[in-house]
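Read the structure below first, then the notes.
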Amino acid sequence: MTDHALDTQTASAQRSGYLHFLETLNPMQYYGHVRGVLGLSVEVAGISDHLTVGGQCLIDRGGFSSLRGEIVGFKNGAALAQPFGHTDHLSTGAKVKVLSGAPELYPSPSWKGRILNAHGEPIDQKGPLQPGEWARPIKGTPIPAYRRKRMGERMDMGLKIMNTFLPCCRGQRMGIFAGSGVGKSTLMAMLARYAKADTIVIGLIGERGREVQDFIQDALGEEGLKRSVLVVATSDESPLMRRQAAYTTMAVAEYFRDNGDQVLCLMDSVTRFAMAQREIGLSVGEPPTTKGFPPTVFTELPKLLERAGPGEEGQGDITAIFSVLVDGGDMDEPIADAVRGILDGHIVLSRSIAERGRFPSIDVLRSVSRSLPKCHDEIENGWLRTARQYMSTYHDMEDLIRIGAYKKGSNPEVDKAIVYQTRLENFLSQGIMETISLEDSFRLLQEALES
């Protein structure tokens with residue numbers, strides 16, 4: 001496409017965006033005032049009739065920049081607003097302006113290679129974003145179940161352990177469950193680099209600020225960034241920003257899905273999204289129910305996770321990998337249990353496997369992909385059954401083998417499992433900078449089982 005054609009296309013997209021903005025303008029402006037500030041909540045009085053839950057407002061802070069807020073409830077005749085920033089320099093009586101319309105984005109293909117905040121604004125110092133022609137709501141709704149396609153063919157993830165034991169089909173949603181420091185973020189980075197997808201949309205929710213540049217430069221690299229869109233909300237930002245970053249991630253993924261792309265959506269982590277929602281819920285008076293999490297946490301989780309998955313006929317799919325930080329390695333803690341019940345499979349990372357130096361530290365026997373056995377053929381499923389049988393047999397006798405209490409020849413199945421254990425451990429390990437195709441993954445598994 002020529003430069004002139006690109007300029008024409010950009011101008012057309014900008015005109016469409018401006019026209020839509022003008023159509024949504026409300027000639028009437030409504031103003032209220034701050035009645036009180038308590039914790040994360042700001043009480044707004046005088047305009048409750050013109051505000052709705054999920055709507056936004058602009059709070060004046062005198063000589064400081066105005067503060068955007070979202071209405072999260074009503075109490076004693078006042079609206080409760082949660083600010084997207086910190087409440088420093090905010091005083092009672094401050095003017096509050098009602099903002100019309102629900103928050104939305106104007107994504108376009110030119111967003112690939114860019115880094116955004118929770119509002120969809122660029123934070124990579126590469127200039128303004130080129131807006132697309134159509135708006136997308138940040139808080140979108142999942143496609144109705146009866147209009148979705150079924151899951152598609154298996155996706156080459158570039159990791160032999162996932163290509164074989166834990167396959168991920170197009171439109172499948174998987175979770176990575178792990179404690180801290182077990183290799184969760186590194187595994188997500190490998191998927192971002194090596195998975196065979198048209199577009200990668202990555203949400204870093206509540207991430208450490210120090211690690212963002214490390215992820216961009218080391219994990220993604222220049223080539224990976226070219227096909228990716230990153231949405232970042234660091235741990236120091238307000239809970240509303242962290243929560244909205246997850247919604248924005250899904251909205252961008254939905255745009256590329258609707259354009260026919262096979263999208264891989266990576267979100268790190270769902271746990272921090274849930275913690276942000278917990279802070280918001282508790283601040284407006286919700287009762288803490290399950291281990292301190294209010295009911296809205298378990299309402300919002302399926303709304304977020306169900307936005308991924310297969311698209312409609314003629315669209316692409318959103319294949320999603322969500323990381324879950326399990327507290328103390330407890331796989332039955334509330335968030336892990338809720339997420340596991342929604343997703344189409346779970347990948348469990350084991351601290352004991354990581355400590356003995358095998359990466360990725362995936363515990364195959366505790367992990368499940370719900371696309372099995374249909375996504376593999378009979379021969380491939382036969383190899384998996386054999387390998388799992390060897391690993392399960394060795395796991396049952398591992399303690400006896402390690403202390404020397406098992407005598408060779410006592411059980412032929414155990415003898416065979418001991419022989420194949422080292423070969424399978426070598427197969428399951430993979431270097432961080434190493435990528436292995438789907439075909440090579442099964443070839444290597446076959447060699448490990450036949451040698």
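Here, A, B, ... name the chains of the structure tokens in the order displayed, residue numbers run from 1 inside each chain, and ligands are numbered from 1 in the same displayed order.
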* To do: Based on DSSP run over this structure's backbone, return all residues of region 35-260 of chain A in helix (DSSP H, G or I), as an MDAnalysis selection string.
  => chainID A and resid 48:50 109:111 145:147 160:164 184:194 209:226 239:258
* May I have the residues within 12 Å of Ala336 (chain A) as number ranges by chain, using only C-alpha atoms and disregarding those fewer than 2 positions away in the same chain? => A: 175-179, 269-272, 274, 298, 301, 322-334, 338-343, 346-348
* Asked: Which distance in Å separates CA of Gln430 (chain A) and CA of Ile161 (chain A), to one decimal?
  ->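 Separating CA of Gln430 (chain A) from CA of Ile161 (chain A) is a distance of 8.5 Å.
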* Choose the residue, out of A:Leu264, A:Leu80, A:Leu305, A:Gly85, that has the smallest atom-to-atom separation from Asp156 (chain A); count only C-alpha atoms. => A:Leu264
* Asked: Given the choices A:Ile335, A:Ala145, A:Leu424, A:Val34, which gets closest to Met275 (chain A) if the distance is worked out from only C-alpha atoms?
  -> A:Ile335
* To do: Considering only C-alpha atoms, return as a VMD selection string whatever protein or nucleic-acid residues lie within 8 Å of Ser238 (chain A), sequence-local ones (same chain, fewer than 4 positions apart) excluded.
  => chain A and resid 83 to 86 242
Tell me which protein, DNA and RNA residues are within 8 Å of Arg173 (chain A), counting only C-alpha atoms, leaving out same-chain ones fewer than 6 positions away, and put them as an mmCIF file with N, CA, C and O atoms, in the first residue's frame.
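Just written: selection-v4.cif:
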data_model
loop_
_atom_site.group_PDB
_atom_site.id
_atom_site.type_symbol
_atom_site.label_atom_id
_atom_site.label_comp_id
_atom_site.auth_asym_id
_atom_site.auth_seq_id
_atom_site.Cartn_x
_atom_site.Cartn_y
_atom_site.Cartn_z
ATOM 1 N N ALA A 308 -13.203 -14.807 26.177
ATOM 2 C CA ALA A 308 -12.307 -15.578 25.319
ATOM 3 C C ALA A 308 -13.044 -16.808 24.818
ATOM 4 O O ALA A 308 -14.100 -17.174 25.321
ATOM 5 N N GLY A 309 -12.459 -17.461 23.801
ATOM 6 C CA GLY A 309 -13.054 -18.677 23.281
ATOM 7 C C GLY A 309 -13.294 -18.580 21.780
ATOM 8 O O GLY A 309 -12.860 -17.626 21.117
ATOM 9 N N THR A 319 -7.776 -17.792 21.639
ATOM 10 C CA THR A 319 -7.191 -18.845 22.458
ATOM 11 C C THR A 319 -6.502 -18.153 23.629
ATOM 12 O O THR A 319 -5.658 -17.283 23.414
ATOM 13 N N ALA A 320 -6.885 -18.506 24.841
ATOM 14 C CA ALA A 320 -6.433 -17.720 25.993
ATOM 15 C C ALA A 320 -5.687 -18.575 27.013
ATOM 16 O O ALA A 320 -6.062 -19.716 27.264
ATOM 17 N N ILE A 321 -4.632 -17.988 27.558
ATOM 18 C CA ILE A 321 -3.875 -18.585 28.660
ATOM 19 C C ILE A 321 -3.893 -17.573 29.805
ATOM 20 O O ILE A 321 -3.372 -16.467 29.685
ATOM 21 N N PHE A 322 -4.520 -17.949 30.911
ATOM 22 C CA PHE A 322 -4.618 -17.083 32.079
ATOM 23 C C PHE A 322 -3.755 -17.666 33.198
ATOM 24 O O PHE A 322 -3.854 -18.860 33.499
ATOM 25 N N LEU A 343 -12.482 -22.634 33.118
ATOM 26 C CA LEU A 343 -11.591 -22.822 31.971
ATOM 27 C C LEU A 343 -11.661 -24.240 31.409
ATOM 28 O O LEU A 343 -12.279 -25.134 31.981
ATOM 29 N N ASP A 344 -10.990 -24.430 30.264
ATOM 30 C CA ASP A 344 -11.013 -25.704 29.534
ATOM 31 C C ASP A 344 -9.756 -26.526 29.797
ATOM 32 O O ASP A 344 -9.344 -27.322 28.959
ATOM 33 N N GLY A 345 -9.143 -26.316 30.926
ATOM 34 C CA GLY A 345 -7.947 -27.074 31.259
ATOM 35 C C GLY A 345 -7.076 -26.287 32.217
ATOM 36 O O GLY A 345 -7.192 -25.059 32.319
#
* Write out as a PyMOL selection string each polymer residue whose atoms come within 10 Å of region 367-376 of chain A, counting only C-alpha atoms; drop sequence neighbours fewer than 2 positions from it. => chain A and resi 151-155+162-169+172-177+343-349+362-365+378-382+384
